[in-house]
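Engineer: One structure is given below, represented as structure tokens, and several questions about it will come after.
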Amino acid sequence: MSDKLDIVTFGCRLNAYESEVMRRHAEEAGLDDMIIVNTCAVTAEATRQARQSIRKLKRERPDTPIIVTGCAAQIDPEQFASMEEVAKVLGNQEKLEAKSFKGLSLEGAERVQVNDIFSVTETAGHLIEGFGERARAFVQIQNGCNHRCTFCIIPYGRGNSRSVAMGEVVDQIKQLVDRGFKEVVLTGVDITSFGEDLPGTPSLGTLVQKILKLVPDLPRLRISSIDSIEVDEPLYDAIINDARVMPHLHLSLQAGDNMILKRMKRRHLREQAIEFATRVKRERPDMVFGADIIAGFPTETEEMFENSLKLVEECDLTWLHVFPYSEREGTPAAKIPNQVPKAVRKERAARLRAIGDAQVAKLFAASAGKTAKVLVERVGHDGLAMGHTEQFIPVMLDAHAEPGDIVTVTLAPHDQNAMKGIPIRG
């Protein structure tokens, strides 16, 4: 690292998006020798890694001020303010405001700038021109969450659900397409709750249909993590019938056992998850599912865990995000007496990941020899291009291509992490 503005990001896609918002604000404010650490609080381990990273960064650049923000800083600002390496702590709302970076003072009483996140009632639609390339852009449509799953600390870092106005979302996407972007990803904390706070209470399905109608030149629309139980008919219709909606959905499932789902305070049963996945695959056979699954939630027996393992096959899940359960102080789940030993949580998570790896290998094998369209995202120094298919399969292609190009290829084996794309000439 040199003496320049650096942003270190932990956690979700939304955090990555918000890091780019901060980069723009900091650059406009002329801050060129600073480190911003954008933390995550989804697990205790994520918070520990952030603290460890802060100490390491300070050793590497002892004269560079470090600003800490993100969900962990919002929930417990004092744990970062007490670190001698930290110059300032910003809350999740403050980090998105240009005024936080203009005339930034690193001294005095305002060392901690963290307000009550539950007092925030609006989410600004920040327009970010991608992540150093002209291929995929993330558009934030929503922030916060009104649900209180017993394991989750995130609402205390993000606040209640609030949506960006539909017209503003559509205008952003039009601008991005005009600038050459080929794919837009709709992102947020709980995007299937989009619109509940807007006049007329439009749904995510209403928004998606409006985007598809009003931005006809958008080649690819991708939807980030959704709660399948909240998918309404307009959204389902778009997923099934519009090829511009990518055939890859990431489902917030968390577990495959009904008793554990109930103790998590989730809103669906395993049967409903299976029914949704089966229905979608029947009507759109090229669909690929990812999912979040937690291993070792309190009271989870081996039999209950087996139901999560079975769910991977029953929903035909491929891209798994597996988390060993992590106690978060202040959540109801942390107070449940029957906590699963940490060694058992890790072992169960490893078994889930192994099944996930097998599912990826199965998808790669089934895709070999098939034609796909790859959106090129970056080109390495060796000239090799990398991108993803419609189903989010990572592809390496030895072809003259630029970020933003959509290349039609024949898929071939490469390794366990990606496939090879052989361009189809003509």
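By order in the structure tokens, chains are A, B, ...; within a chain, residues start at 1; ligands start at 1, following the order shown.
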Which residues, written as a ChimeraX atom specification, have at least one atom at most 9 Å from A:Glu94, with only C-alpha atoms counted and residues fewer than 6 positions away on the same chain left out?

Structural biologist: /A:69,100,113-115

Engineer: Fewer than 3 positions away in the same chain doesn't count, so skip those; otherwise give me all residues within 8 Å of A:Arg353, counting only C-alpha atoms, as a PyMOL selection string.

Structural biologist: chain A and resi 320+322+349-350+356-357

Engineer: Could you list, as a PyMOL selection string, every residue within 10 Å of A:Leu212, counting only C-alpha atoms and ignoring same-chain residues fewer than 5 positions away?

Structural biologist: chain A and resi 170+207+217-221+238+242+244-245

Engineer: Dump C-alpha atoms for the selected residues as a CSV table (one decimal), in the first residue's frame?

Structural biologist:
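New file result.csv:
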chain,number,residue,atom,x,y,z
A,170,VAL,CA,-35.2,3.5,-13.4
A,207,LEU,CA,-40.1,-2.5,-10.0
A,217,ASP,CA,-31.6,-1.6,-24.1
A,218,LEU,CA,-30.5,-3.2,-20.8
A,219,PRO,CA,-29.2,-6.6,-21.8
A,220,ARG,CA,-28.9,-8.3,-18.4
A,221,LEU,CA,-30.7,-7.7,-15.1
A,238,ALA,CA,-40.4,-11.7,-14.9
A,242,ASP,CA,-38.0,-12.5,-19.6
A,244,ARG,CA,-33.0,-10.5,-19.7
A,245,VAL,CA,-33.5,-11.5,-16.0

Engineer: Running DSSP on the backbone, which parts of stretch 76-226 of chain A land in strand (DSSP E), as a compact mmCIF listing (two decimals) with C-alpha atoms, in the first residue's frame?

Structural biologist:
# COMPACT_ATOMS: atom_id res chain seq x y z
CA LYS A 88 -12.50 8.29 13.56
CA VAL A 89 -15.64 6.11 13.61
CA LEU A 90 -18.50 6.82 11.19
CA VAL A 112 -17.30 9.10 16.94
CA GLN A 113 -19.98 10.14 14.46
CA ARG A 136 -21.59 -4.77 -14.22
CA ALA A 137 -23.12 -2.03 -12.07
CA PHE A 138 -24.78 -2.40 -8.68
CA VAL A 139 -27.88 -0.33 -8.01
CA GLN A 140 -29.06 -0.01 -4.43
CA GLN A 142 -33.35 -0.71 -0.58
CA ASN A 143 -31.60 -0.70 2.79
CA ARG A 162 -36.51 1.84 3.41
CA SER A 163 -36.70 1.96 -0.36
CA GLU A 183 -25.55 -5.75 -16.58
CA VAL A 184 -27.25 -4.22 -13.56
CA VAL A 185 -27.52 -5.98 -10.20
CA LEU A 186 -30.35 -4.86 -7.90
CA THR A 187 -28.98 -4.86 -4.38
CA ARG A 220 -28.91 -8.26 -18.39
CA LEU A 221 -30.73 -7.68 -15.10
CA ARG A 222 -29.58 -9.64 -12.09
CA ILE A 223 -31.43 -9.89 -8.78

Engineer: Which residues are close to A:Glu347, i.e. within 12 Å by only C-alpha atoms, leaving aside same-chain residues fewer than 3 positions away? Reply as a count of residues only.

Structural biologist: 18

Engineer: Would you list the contacts of A:Arg279 as a list in words, taking every protein, DNA or RNA residue within 12 Å and counting only C-alpha atoms, but skipping same-chain residues closer than 2 positions in sequence?

Structural biologist: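 Surrounding residues, per the criterion: Ser228, Tyr236, Asp237, Ile239, Ile240, Gln272, Ala273, Ile274, Glu275, Phe276, Ala277, Lys281, Arg282, Glu283, Arg284, Pro285, Met287, Cys315 and Asp316 of chain A.
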
Engineer: Would you please give, as a PyMOL selection string, all residues of stretch 3-146 of chain A that DSSP assigns to alpha helix (DSSP H) based on the backbone?

Structural biologist: chain A and resi 13-28+44-60+71-75+77-81

Engineer: Quick one: everything within 9 Å of stretch 71-85 of chain A, counting only C-alpha atoms, minus sequence neighbours fewer than 2 positions away in the same chain. Send it as a PyMOL selection string.

Structural biologist: chain A and resi 15+38-42+46-47+50-51+54-55+57-58+62+65-66+68-69+87-93+111-117+153-154+156-158

Engineer: Set the distance at 8 Å and use only C-alpha atoms: which residues neighbour A:Val288 once local chain neighbours fewer than 4 positions away are removed? I'd like the list as a PDB file with C-alpha atoms, in the first residue's frame.

Structural biologist:
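Saved file part.pdb follows:
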ATOM      1  CA  PRO A 247     -31.265 -17.429 -14.646  1.00  0.00           C
ATOM      2  CA  HIS A 248     -29.472 -17.265 -11.304  1.00  0.00           C
ATOM      3  CA  LEU A 249     -31.258 -16.571  -8.022  1.00  0.00           C
ATOM      4  CA  ASP A 316     -30.950 -28.254  -6.561  1.00  0.00           C
ATOM      5  CA  LEU A 317     -28.778 -25.583  -4.954  1.00  0.00           C
ATOM      6  CA  THR A 318     -25.359 -24.822  -6.434  1.00  0.00           C
ATOM      7  CA  GLN A 391     -26.041 -18.623 -14.692  1.00  0.00           C
TER       8      GLN A 391
END

Engineer: At what distance in Å, to one decimal, does atom CA of A:Glu168 lie from atom CA of A:Pro202?

Structural biologist: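 Atom CA of A:Glu168 lies 13.8 Å from atom CA of A:Pro202.
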
Engineer: Suppose you want the space between atom CA of A:Glu18 and atom CA of A:Leu96; what is it in Å?

Structural biologist: 7.1 Å

Engineer: Hey, which of A:Lys56, A:Arg328, A:Arg61, A:Lys182 ends up closest to A:Met34? Count only C-alpha atoms.

Structural biologist: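 Among A:Lys56, A:Arg328, A:Arg61, A:Lys182, it is A:Arg61 that comes nearest to A:Met34.
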
Engineer: When you draw a straight line from atom CA of A:Glu300 to atom CA of A:Glu327, how long is it in Å?

Structural biologist: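 Interatomic distance, atom CA of A:Glu300 to atom CA of A:Glu327: 14.1 Å.
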
Engineer: Looking at A:Glu45, A:Lys370, A:Ile422, A:Ile211, which one is nearest to A:Ile173, with distances taken over only C-alpha atoms?

Structural biologist: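 Under the stated criterion, the closest residue is A:Ile211.
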